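This is final_24.pdb (PDB, C-alpha atoms).
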```
MODEL        1
ATOM      1  CA  MET A 167     151.669-118.189  22.068
ATOM      2  CA  PRO A 168     151.751-114.677  23.557
ATOM      3  CA  GLU A 169     148.494-113.442  24.995
ATOM      4  CA  PRO A 170     146.992-110.559  23.050
ATOM      5  CA  SER A 171     146.690-107.277  24.847
ATOM      6  CA  PHE A 172     143.660-105.143  24.345
ATOM      7  CA  ARG A 173     143.707-101.430  23.835
ATOM      8  CA  PRO A 174     140.423 -99.899  22.763
ATOM      9  CA  GLU A 175     140.370 -98.135  19.451
ATOM     10  CA  ASP A 176     140.734 -94.383  19.639
ATOM     11  CA  GLU A 177     137.120 -93.290  19.841
ATOM     12  CA  THR A 178     136.055 -90.065  18.219
ATOM     13  CA  THR A 179     132.566 -90.359  19.654
ATOM     14  CA  PRO A 180     131.300 -91.580  23.028
ATOM     15  CA  PRO A 181     130.430 -95.273  23.278
ATOM     16  CA  HIS A 182     126.920 -95.955  22.042
ATOM     17  CA  PRO A 183     124.570 -98.939  21.876
ATOM     18  CA  ILE A 184     124.774-100.985  18.695
ATOM     19  CA  ASN A 185     121.627-102.189  17.001
ATOM     20  CA  TRP A 186     123.070-105.018  14.922
ATOM     21  CA  ASN A 187     119.951-105.059  12.743
ATOM     22  CA  LEU A 188     120.435-101.487  11.511
ATOM     23  CA  LEU A 189     124.146-101.283  10.715
ATOM     24  CA  THR A 190     125.344-100.644   7.173
ATOM     25  CA  SER A 191     127.541-103.371   5.698
ATOM     26  CA  HIS A 192     130.666-101.291   6.373
ATOM     27  CA  ASP A 193     129.693-100.501   9.975
ATOM     28  CA  LEU A 194     128.694-104.126  10.554
ATOM     29  CA  GLU A 195     132.140-105.298   9.508
ATOM     30  CA  GLN A 196     133.914-102.716  11.686
ATOM     31  CA  GLU A 197     131.770-103.435  14.748
ATOM     32  CA  LEU A 198     132.159-107.218  14.415
ATOM     33  CA  LEU A 199     135.939-106.870  14.182
ATOM     34  CA  ALA A 200     136.069-104.543  17.194
ATOM     35  CA  LEU A 201     133.812-106.806  19.259
ATOM     36  CA  ASN A 202     135.856-109.852  18.297
ATOM     37  CA  ARG A 203     139.084-108.172  19.499
ATOM     38  CA  TRP A 204     137.453-107.243  22.786
ATOM     39  CA  VAL A 205     135.844-110.664  23.375
ATOM     40  CA  ASN A 206     139.184-112.343  22.719
ATOM     41  CA  TRP A 207     140.862-110.027  25.231
ATOM     42  CA  LEU A 208     138.036-110.571  27.763
ATOM     43  CA  ARG A 209     138.161-114.365  27.635
ATOM     44  CA  LEU A 210     141.942-114.395  28.091
ATOM     45  CA  GLU A 211     142.130-111.598  30.670
ATOM     46  CA  TYR A 212     139.489-113.226  32.889
ATOM     47  CA  GLY A 213     140.209-116.866  32.022
ATOM     48  CA  LEU A 214     136.647-117.450  30.864
ATOM     49  CA  PRO A 215     135.695-121.017  29.982
ATOM     50  CA  ALA A 216     133.960-122.021  26.756
ATOM     51  CA  SER A 217     130.817-122.561  28.841
ATOM     52  CA  GLU A 218     130.658-118.747  29.098
ATOM     53  CA  VAL A 219     132.325-117.585  25.873
ATOM     54  CA  PRO A 220     132.534-120.386  23.306
ATOM     55  CA  PRO A 221     134.750-120.087  20.193
ATOM     56  CA  LEU A 222     131.822-119.571  17.808
ATOM     57  CA  TRP A 223     129.931-117.047  19.946
ATOM     58  CA  HIS A 224     129.590-114.935  16.804
ATOM     59  CA  ARG A 225     127.287-117.519  15.185
ATOM     60  CA  HIS A 226     124.757-117.188  18.013
ATOM     61  CA  PRO A 227     122.775-113.929  18.040
ATOM     62  CA  GLU A 228     121.902-114.311  21.718
ATOM     63  CA  LEU A 229     125.628-114.347  22.570
ATOM     64  CA  LEU A 230     126.476-111.578  20.120
ATOM     65  CA  TRP A 231     123.884-109.232  21.667
ATOM     66  CA  GLU A 232     124.901-110.088  25.255
ATOM     67  CA  LEU A 233     128.624-109.656  24.578
ATOM     68  CA  SER A 234     127.967-106.459  22.655
ATOM     69  CA  ALA A 235     126.062-105.002  25.613
ATOM     70  CA  LEU A 236     128.843-106.072  27.967
ATOM     71  CA  HIS A 237     131.420-104.455  25.687
ATOM     72  CA  LEU A 238     129.486-101.180  25.627
ATOM     73  CA  HIS A 239     129.223-101.270  29.417
ATOM     74  CA  TRP A 240     132.981-101.871  29.686
ATOM     75  CA  LEU A 241     133.774 -99.011  27.284
ATOM     76  CA  SER A 242     131.545 -96.692  29.287
ATOM     77  CA  ALA A 243     132.858 -97.822  32.681
ATOM     78  CA  TYR A 244     136.482 -97.298  31.644
ATOM     79  CA  ASP A 245     135.918 -94.032  29.791
ATOM     80  CA  ALA A 246     138.274 -91.292  31.012
ATOM     81  CA  GLU A 247     135.287 -89.051  31.770
ATOM     82  CA  GLN A 248     133.673 -91.686  33.975
ATOM     83  CA  ASP A 249     133.393 -91.702  37.751
ATOM     84  CA  GLY A 250     136.124 -93.662  39.545
ATOM     85  CA  SER A 251     133.685 -96.252  40.880
ATOM     86  CA  ALA A 252     132.286 -97.142  37.439
ATOM     87  CA  PRO A 253     134.651-100.121  36.969
ATOM     88  CA  PHE A 254     133.340-101.605  40.215
ATOM     89  CA  GLY A 255     129.820-101.404  38.800
ATOM     90  CA  TRP A 256     131.019-103.035  35.592
ATOM     91  CA  HIS A 257     132.475-105.956  37.545
ATOM     92  CA  ARG A 258     129.246-106.400  39.492
ATOM     93  CA  ASP A 259     127.279-106.434  36.243
ATOM     94  CA  PHE A 260     129.894-108.679  34.629
ATOM     95  CA  ALA A 261     129.175-111.305  37.306
ATOM     96  CA  ASP A 262     125.472-111.165  36.376
ATOM     97  CA  ALA A 263     126.311-111.295  32.663
ATOM     98  CA  ARG A 264     128.458-114.391  33.191
ATOM     99  CA  ASN A 265     125.408-116.193  34.582
ATOM    100  CA  ARG A 266     123.372-115.164  31.539
ATOM    101  CA  LEU A 267     126.206-116.199  29.211
ATOM    102  CA  ARG A 268     126.251-119.677  30.791
ATOM    103  CA  ASP A 269     122.492-119.920  30.276
ATOM    104  CA  TRP A 270     122.775-118.779  26.613
ATOM    105  CA  VAL A 271     125.605-121.222  25.916
ATOM    106  CA  ALA A 272     123.713-124.113  27.536
ATOM    107  CA  ALA A 273     120.564-123.293  25.544
ATOM    108  CA  SER A 274     122.435-122.870  22.275
ATOM    109  CA  GLY A 275     124.383-126.106  22.551
ATOM    110  CA  THR A 276     127.645-124.633  21.298
ATOM    111  CA  ARG A 277     130.823-126.017  22.865
ATOM    112  CA  ARG A 278     134.589-125.522  22.809
ATOM    113  CA  ASP A 279     135.149-128.058  20.021
ATOM    114  CA  ARG A 280     131.808-128.251  18.177
ATOM    115  CA  ASP A 281     128.893-126.050  17.294
ATOM    116  CA  ARG A 282     125.347-126.219  16.064
ATOM    117  CA  PRO A 283     122.754-123.541  15.339
ATOM    118  CA  THR A 284     120.664-122.502  18.318
ATOM    119  CA  ARG A 285     117.463-124.511  18.252
ATOM    120  CA  GLN A 286     114.338-122.535  17.465
ATOM    121  CA  THR A 287     111.064-123.568  19.055
ATOM    122  CA  PRO A 288     108.175-123.240  16.587
ATOM    123  CA  TRP A 289     104.912-121.834  17.858
ATOM    124  CA  PRO A 290     101.603-123.507  17.015
ATOM    125  CA  GLY A 291     100.812-122.970  13.350
ATOM    126  CA  GLU A 292     104.442-122.336  12.348
ATOM    127  CA  GLU A 293     106.368-124.714  10.173
ATOM    128  CA  HIS A 294     109.514-126.142  11.688
ATOM    129  CA  SER A 295     112.119-126.507   8.984
ATOM    130  CA  GLN A 296     115.309-125.922  10.950
ATOM    131  CA  GLU A 297     117.893-128.634  10.489
ATOM    132  CA  VAL A 298     120.205-128.800  13.484
ATOM    133  CA  VAL A 299     123.548-130.221  12.416
ATOM    134  CA  GLU A 300     126.476-130.248  14.798
ATOM    135  CA  GLN A 301     129.860-129.482  13.272
ATOM    136  CA  VAL A 302     133.384-129.862  14.590
ATOM    137  CA  ILE A 303     135.262-126.592  14.997
ATOM    138  CA  HIS A 304     138.551-126.893  13.090
ATOM    139  CA  ASP A 305     139.741-123.293  12.891
ATOM    140  CA  ARG A 306     137.969-120.632  14.925
ATOM    141  CA  GLU A 307     139.666-117.650  13.244
ATOM    142  CA  ALA A 308     138.880-118.922   9.748
ATOM    143  CA  ASP A 309     135.255-119.425  10.782
ATOM    144  CA  PHE A 310     135.050-115.884  12.156
ATOM    145  CA  ILE A 311     136.423-114.431   8.915
ATOM    146  CA  GLU A 312     133.956-116.515   6.882
ATOM    147  CA  PHE A 313     131.120-115.352   9.158
ATOM    148  CA  VAL A 314     132.029-111.681   8.783
ATOM    149  CA  LEU A 315     132.242-112.011   4.995
ATOM    150  CA  GLU A 316     128.861-113.785   4.867
ATOM    151  CA  GLN A 317     127.213-111.136   7.044
ATOM    152  CA  VAL A 318     128.709-108.225   5.110
ATOM    153  CA  GLN A 319     127.730-109.746   1.751
ATOM    154  CA  ALA A 320     124.166-110.361   2.965
ATOM    155  CA  ARG A 321     123.914-106.782   4.258
ATOM    156  CA  GLU A 322     125.356-105.421   0.979
ATOM    157  CA  ALA A 323     122.762-107.403  -0.978
ATOM    158  CA  ALA A 324     119.983-105.960   1.203
ATOM    159  CA  GLU A 325     121.372-102.440   0.711
ATOM    160  CA  ASP A 326     121.603-102.947  -3.062
ATOM    161  CA  ALA A 327     118.013-104.229  -3.180
ATOM    162  CA  PHE A 328     116.842-101.217  -1.183
ATOM    163  CA  TYR A 329     118.667 -98.689  -3.355
ATOM    164  CA  ALA A 330     117.466-100.410  -6.533
ATOM    165  CA  ASN A 331     113.922 -99.466  -5.514
ATOM    166  CA  ILE A 332     114.592 -95.760  -4.963
ATOM    167  CA  ASP A 333     113.458 -93.204  -7.474
ATOM    168  CA  PHE A 334     116.372 -90.784  -7.194
ATOM    169  CA  GLN A 335     114.384 -87.998  -8.859
ATOM    170  CA  THR A 336     111.619 -88.019  -6.253
ATOM    171  CA  GLY A 337     113.458 -89.707  -3.370
ATOM    172  CA  GLU A 338     110.577 -92.150  -2.973
ATOM    173  CA  VAL A 339     110.846 -95.900  -2.644
ATOM    174  CA  ARG A 340     109.164 -97.797  -5.484
ATOM    175  CA  GLU A 341     107.206-100.893  -4.682
TER     176      GLU A 341
ENDMDL
END
```
Could I get this file's structure written as structure tokens?
Amino acid sequence: MPEPSFRPEDETTPPHPINWNLLTSHDLEQELLALNRWVNWLRLEYGLPASEVPPLWHRHPELLWELSALHLHWLSAYDAEQDGSAPFGWHRDFADARNRLRDWVAASGTRRDRDRPTRQTPWPGEEHSQEVVEQVIHDREADFIEFVLEQVQAREAAEDAFYANIDFQTGEVRE
């Protein structure tokens, strides 16, 4: 199988931090697809093991946020307007990020061939209803597509619920 090459999308705006909680459904889909392309390139280009970037990284928010920050740093470091030493700084920070990625992967319990939701530790007074079920990973790409569709549909439902409560005559949100 030929290794994919990575060429960043033609950017019309400078790289910017992504707050995954605030993206519209359309932007969420686009950003997940772009991050997935980059993470796939990164793991192959640097020969990263599943203990640093597991197949289902996208199902673990702690990994999604860390990889997203690393991607932004890479885009900024390799921007044509950047200082020539910026890539060196990226590699230094990449070494630190790899340590954090190993810690996140170890804490989450995800592996190369199986995955489970990251365990949540309840605080005193909170109910603990999380069921942690480990599943075998059969097809990583199919899982990623399913994940993106689930996330986009959930975000669309939240957007629809928000807009359903707007009084378009006054612009106010109804309770």
If you count only C-alpha atoms, which residues fall within 12 Å of region 338-341 of chain A, apart from same-chain ones fewer than 4 positions away, as a tab-separated table (two decimals) with C-alpha atoms, in the coordinates of the input?
```
chain	number	residue	atom	x	y	z
A	327	ALA	CA	118.01	-104.23	-3.18
A	328	PHE	CA	116.84	-101.22	-1.18
A	329	TYR	CA	118.67	-98.69	-3.36
A	330	ALA	CA	117.47	-100.41	-6.53
A	331	ASN	CA	113.92	-99.47	-5.51
A	332	ILE	CA	114.59	-95.76	-4.96
A	333	ASP	CA	113.46	-93.20	-7.47
A	334	PHE	CA	116.37	-90.78	-7.19
```
- request: Just the residues within 9 Å of Arg225 (chain A), please, counting all atoms listed in the file, with nothing from its chain fewer than 4 positions along; format it as number ranges by chain.
  value: A: 229-230, 281-284, 310, 313
Emit as AutoDock Vina command-line options the padded axis-aligned box for all listed atoms of region 212-224 of chain A, 4 Å per side, with centre and edge lengths in Å to one decimal.
```
--center_x 134.9 --center_y -117.9 --center_z 24.8 --size_x 18.6 --size_y 17.3 --size_z 24.1
```
12 Å contact set for region 254-261 of chain A, all atoms listed in the file, chain neighbours under 6 positions out, as a compact mmCIF listing (two decimals) with C-alpha atoms, keeping the file's coordinate frame:
```
# COMPACT_ATOMS: atom_id res chain seq x y z
CA LEU A 208 138.04 -110.57 27.76
CA TYR A 212 139.49 -113.23 32.89
CA LEU A 214 136.65 -117.45 30.86
CA GLU A 218 130.66 -118.75 29.10
CA GLU A 232 124.90 -110.09 25.26
CA LEU A 233 128.62 -109.66 24.58
CA ALA A 235 126.06 -105.00 25.61
CA LEU A 236 128.84 -106.07 27.97
CA HIS A 237 131.42 -104.46 25.69
CA LEU A 238 129.49 -101.18 25.63
CA HIS A 239 129.22 -101.27 29.42
CA TRP A 240 132.98 -101.87 29.69
CA LEU A 241 133.77 -99.01 27.28
CA SER A 242 131.54 -96.69 29.29
CA ALA A 243 132.86 -97.82 32.68
CA TYR A 244 136.48 -97.30 31.64
CA ASP A 245 135.92 -94.03 29.79
CA GLN A 248 133.67 -91.69 33.98
CA LEU A 267 126.21 -116.20 29.21
CA ARG A 268 126.25 -119.68 30.79
```
message: Quick check on the file I pasted: which residues fall under the PyMOL selection byres ((chain A and resi 277) around 7)? Write them as number ranges by chain.
response: A: 216-217, 220, 275-276, 278-281
- request: Apply the PyMOL selection byres ((chain A and resi 187) around 12) to the structure shown and report the selected residues as a list in words.
  value: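 Selection result, ordered by chain and number: Pro183, Ile184, Asn185, Trp186, Leu188, Leu189, Thr190, Ser191, Asp193, Leu194, Pro227, Leu230, Trp231, Gln317, Ala320, Arg321 and Ala324 of chain A.
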query: What is the CA of Ile303 (chain A) to CA of Ala323 (chain A) distance in Å?
result: 27.9 Å
- prompt: In Å to one decimal, how far is CA of Glu195 (chain A) from CA of Ala263 (chain A)?
  reply: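 Computed distance, CA of Ala263 (chain A) to CA of Glu195 (chain A), equals 24.6 Å.
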task: Go ahead and compute the interatomic distance for CA of Asn206 (chain A) and CA of Trp223 (chain A), in Å to one decimal.
output: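 Straight-line distance from CA of Asn206 (chain A) to CA of Trp223 (chain A) works out to 10.7 Å.
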statement: For Pro221 (chain A), the closest of A:Asp309, A:Asp269, A:Glu293, A:Glu247 counting only C-alpha atoms is A:Asp309
field: A:Arg285, A:His192, A:His182, A:Arg266 ranked by distance to Val314 (chain A), top pick (using only C-alpha atoms)
entry: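 Looking only at the distances to Val314 (chain A), the closest residue turns out to be A:His192.
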For region 261-272 of chain A, supply all heavy atoms and report the output as a PDB file, in the coordinates of the input.
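Full text of out06.pdb as output:
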```
ATOM      1  N   ALA A 261     129.520-110.054  36.611  1.00  0.00           N
ATOM      2  CA  ALA A 261     129.175-111.305  37.306  1.00  0.00           C
ATOM      3  C   ALA A 261     127.768-111.764  36.896  1.00  0.00           C
ATOM      4  O   ALA A 261     127.547-112.954  36.639  1.00  0.00           O
ATOM      5  CB  ALA A 261     129.274-111.116  38.817  1.00  0.00           C
ATOM      6  N   ASP A 262     126.828-110.819  36.828  1.00  0.00           N
ATOM      7  CA  ASP A 262     125.472-111.165  36.376  1.00  0.00           C
ATOM      8  C   ASP A 262     125.488-111.628  34.929  1.00  0.00           C
ATOM      9  O   ASP A 262     124.806-112.597  34.561  1.00  0.00           O
ATOM     10  CB  ASP A 262     124.534-109.958  36.502  1.00  0.00           C
ATOM     11  CG  ASP A 262     124.245-109.578  37.944  1.00  0.00           C
ATOM     12  OD1 ASP A 262     124.457-110.423  38.841  1.00  0.00           O
ATOM     13  OD2 ASP A 262     123.814-108.434  38.166  1.00  0.00           O
ATOM     14  N   ALA A 263     126.241-110.941  34.090  1.00  0.00           N
ATOM     15  CA  ALA A 263     126.311-111.295  32.663  1.00  0.00           C
ATOM     16  C   ALA A 263     126.903-112.691  32.480  1.00  0.00           C
ATOM     17  O   ALA A 263     126.483-113.427  31.583  1.00  0.00           O
ATOM     18  CB  ALA A 263     127.126-110.259  31.893  1.00  0.00           C
ATOM     19  N   ARG A 264     127.861-113.048  33.305  1.00  0.00           N
ATOM     20  CA  ARG A 264     128.458-114.391  33.191  1.00  0.00           C
ATOM     21  C   ARG A 264     127.404-115.474  33.427  1.00  0.00           C
ATOM     22  O   ARG A 264     127.411-116.509  32.754  1.00  0.00           O
ATOM     23  CB  ARG A 264     129.629-114.545  34.154  1.00  0.00           C
ATOM     24  CG  ARG A 264     130.832-113.715  33.723  1.00  0.00           C
ATOM     25  CD  ARG A 264     131.979-113.853  34.670  1.00  0.00           C
ATOM     26  NE  ARG A 264     132.558-115.192  34.527  1.00  0.00           N
ATOM     27  CZ  ARG A 264     133.563-115.617  35.274  1.00  0.00           C
ATOM     28  NH1 ARG A 264     134.100-114.851  36.190  1.00  0.00           N
ATOM     29  NH2 ARG A 264     134.051-116.841  35.094  1.00  0.00           N
ATOM     30  N   ASN A 265     126.499-115.237  34.362  1.00  0.00           N
ATOM     31  CA  ASN A 265     125.408-116.193  34.582  1.00  0.00           C
ATOM     32  C   ASN A 265     124.524-116.294  33.345  1.00  0.00           C
ATOM     33  O   ASN A 265     124.146-117.386  32.929  1.00  0.00           O
ATOM     34  CB  ASN A 265     124.560-115.785  35.795  1.00  0.00           C
ATOM     35  CG  ASN A 265     125.278-116.012  37.096  1.00  0.00           C
ATOM     36  OD1 ASN A 265     126.067-116.943  37.237  1.00  0.00           O
ATOM     37  ND2 ASN A 265     125.030-115.151  38.070  1.00  0.00           N
ATOM     38  N   ARG A 266     124.193-115.143  32.757  1.00  0.00           N
ATOM     39  CA  ARG A 266     123.372-115.164  31.539  1.00  0.00           C
ATOM     40  C   ARG A 266     124.122-115.837  30.399  1.00  0.00           C
ATOM     41  O   ARG A 266     123.530-116.597  29.619  1.00  0.00           O
ATOM     42  CB  ARG A 266     122.951-113.745  31.149  1.00  0.00           C
ATOM     43  CG  ARG A 266     121.881-113.158  32.042  1.00  0.00           C
ATOM     44  CD  ARG A 266     121.302-111.872  31.463  1.00  0.00           C
ATOM     45  NE  ARG A 266     122.300-110.872  31.157  1.00  0.00           N
ATOM     46  CZ  ARG A 266     122.794-109.985  32.032  1.00  0.00           C
ATOM     47  NH1 ARG A 266     122.390-110.002  33.284  1.00  0.00           N
ATOM     48  NH2 ARG A 266     123.696-109.097  31.648  1.00  0.00           N
ATOM     49  N   LEU A 267     125.415-115.564  30.277  1.00  0.00           N
ATOM     50  CA  LEU A 267     126.206-116.199  29.211  1.00  0.00           C
ATOM     51  C   LEU A 267     126.177-117.720  29.356  1.00  0.00           C
ATOM     52  O   LEU A 267     126.018-118.436  28.361  1.00  0.00           O
ATOM     53  CB  LEU A 267     127.645-115.682  29.221  1.00  0.00           C
ATOM     54  CG  LEU A 267     127.840-114.275  28.679  1.00  0.00           C
ATOM     55  CD1 LEU A 267     129.217-113.738  29.063  1.00  0.00           C
ATOM     56  CD2 LEU A 267     127.645-114.236  27.174  1.00  0.00           C
ATOM     57  N   ARG A 268     126.322-118.212  30.582  1.00  0.00           N
ATOM     58  CA  ARG A 268     126.251-119.677  30.791  1.00  0.00           C
ATOM     59  C   ARG A 268     124.894-120.218  30.358  1.00  0.00           C
ATOM     60  O   ARG A 268     124.809-121.281  29.733  1.00  0.00           O
ATOM     61  CB  ARG A 268     126.533-120.022  32.256  1.00  0.00           C
ATOM     62  CG  ARG A 268     128.004-120.020  32.605  1.00  0.00           C
ATOM     63  CD  ARG A 268     128.251-120.626  33.989  1.00  0.00           C
ATOM     64  NE  ARG A 268     127.789-119.771  35.061  1.00  0.00           N
ATOM     65  CZ  ARG A 268     128.486-118.765  35.597  1.00  0.00           C
ATOM     66  NH1 ARG A 268     129.689-118.486  35.147  1.00  0.00           N
ATOM     67  NH2 ARG A 268     127.980-118.065  36.589  1.00  0.00           N
ATOM     68  N   ASP A 269     123.830-119.487  30.684  1.00  0.00           N
ATOM     69  CA  ASP A 269     122.492-119.920  30.276  1.00  0.00           C
ATOM     70  C   ASP A 269     122.362-119.925  28.755  1.00  0.00           C
ATOM     71  O   ASP A 269     121.803-120.861  28.171  1.00  0.00           O
ATOM     72  CB  ASP A 269     121.417-119.003  30.876  1.00  0.00           C
ATOM     73  CG  ASP A 269     121.255-119.186  32.375  1.00  0.00           C
ATOM     74  OD1 ASP A 269     121.761-120.187  32.924  1.00  0.00           O
ATOM     75  OD2 ASP A 269     120.629-118.300  33.002  1.00  0.00           O
ATOM     76  N   TRP A 270     122.853-118.854  28.081  1.00  0.00           N
ATOM     77  CA  TRP A 270     122.775-118.779  26.613  1.00  0.00           C
ATOM     78  C   TRP A 270     123.572-119.912  25.977  1.00  0.00           C
ATOM     79  O   TRP A 270     123.116-120.538  25.014  1.00  0.00           O
ATOM     80  CB  TRP A 270     123.302-117.444  26.097  1.00  0.00           C
ATOM     81  CG  TRP A 270     122.474-116.248  26.402  1.00  0.00           C
ATOM     82  CD1 TRP A 270     122.909-115.095  26.999  1.00  0.00           C
ATOM     83  CD2 TRP A 270     121.089-116.038  26.117  1.00  0.00           C
ATOM     84  NE1 TRP A 270     121.881-114.210  27.102  1.00  0.00           N
ATOM     85  CE2 TRP A 270     120.748-114.749  26.570  1.00  0.00           C
ATOM     86  CE3 TRP A 270     120.106-116.818  25.525  1.00  0.00           C
ATOM     87  CZ2 TRP A 270     119.473-114.227  26.446  1.00  0.00           C
ATOM     88  CZ3 TRP A 270     118.830-116.292  25.403  1.00  0.00           C
ATOM     89  CH2 TRP A 270     118.531-115.024  25.861  1.00  0.00           C
ATOM     90  N   VAL A 271     124.764-120.164  26.491  1.00  0.00           N
ATOM     91  CA  VAL A 271     125.605-121.222  25.916  1.00  0.00           C
ATOM     92  C   VAL A 271     124.932-122.584  26.102  1.00  0.00           C
ATOM     93  O   VAL A 271     124.897-123.396  25.181  1.00  0.00           O
ATOM     94  CB  VAL A 271     127.027-121.198  26.520  1.00  0.00           C
ATOM     95  CG1 VAL A 271     127.825-122.420  26.093  1.00  0.00           C
ATOM     96  CG2 VAL A 271     127.752-119.914  26.111  1.00  0.00           C
ATOM     97  N   ALA A 272     124.391-122.834  27.286  1.00  0.00           N
ATOM     98  CA  ALA A 272     123.713-124.113  27.536  1.00  0.00           C
ATOM     99  C   ALA A 272     122.512-124.284  26.605  1.00  0.00           C
ATOM    100  O   ALA A 272     122.293-125.364  26.041  1.00  0.00           O
ATOM    101  CB  ALA A 272     123.272-124.202  28.993  1.00  0.00           C
TER     102      ALA A 272
END
```
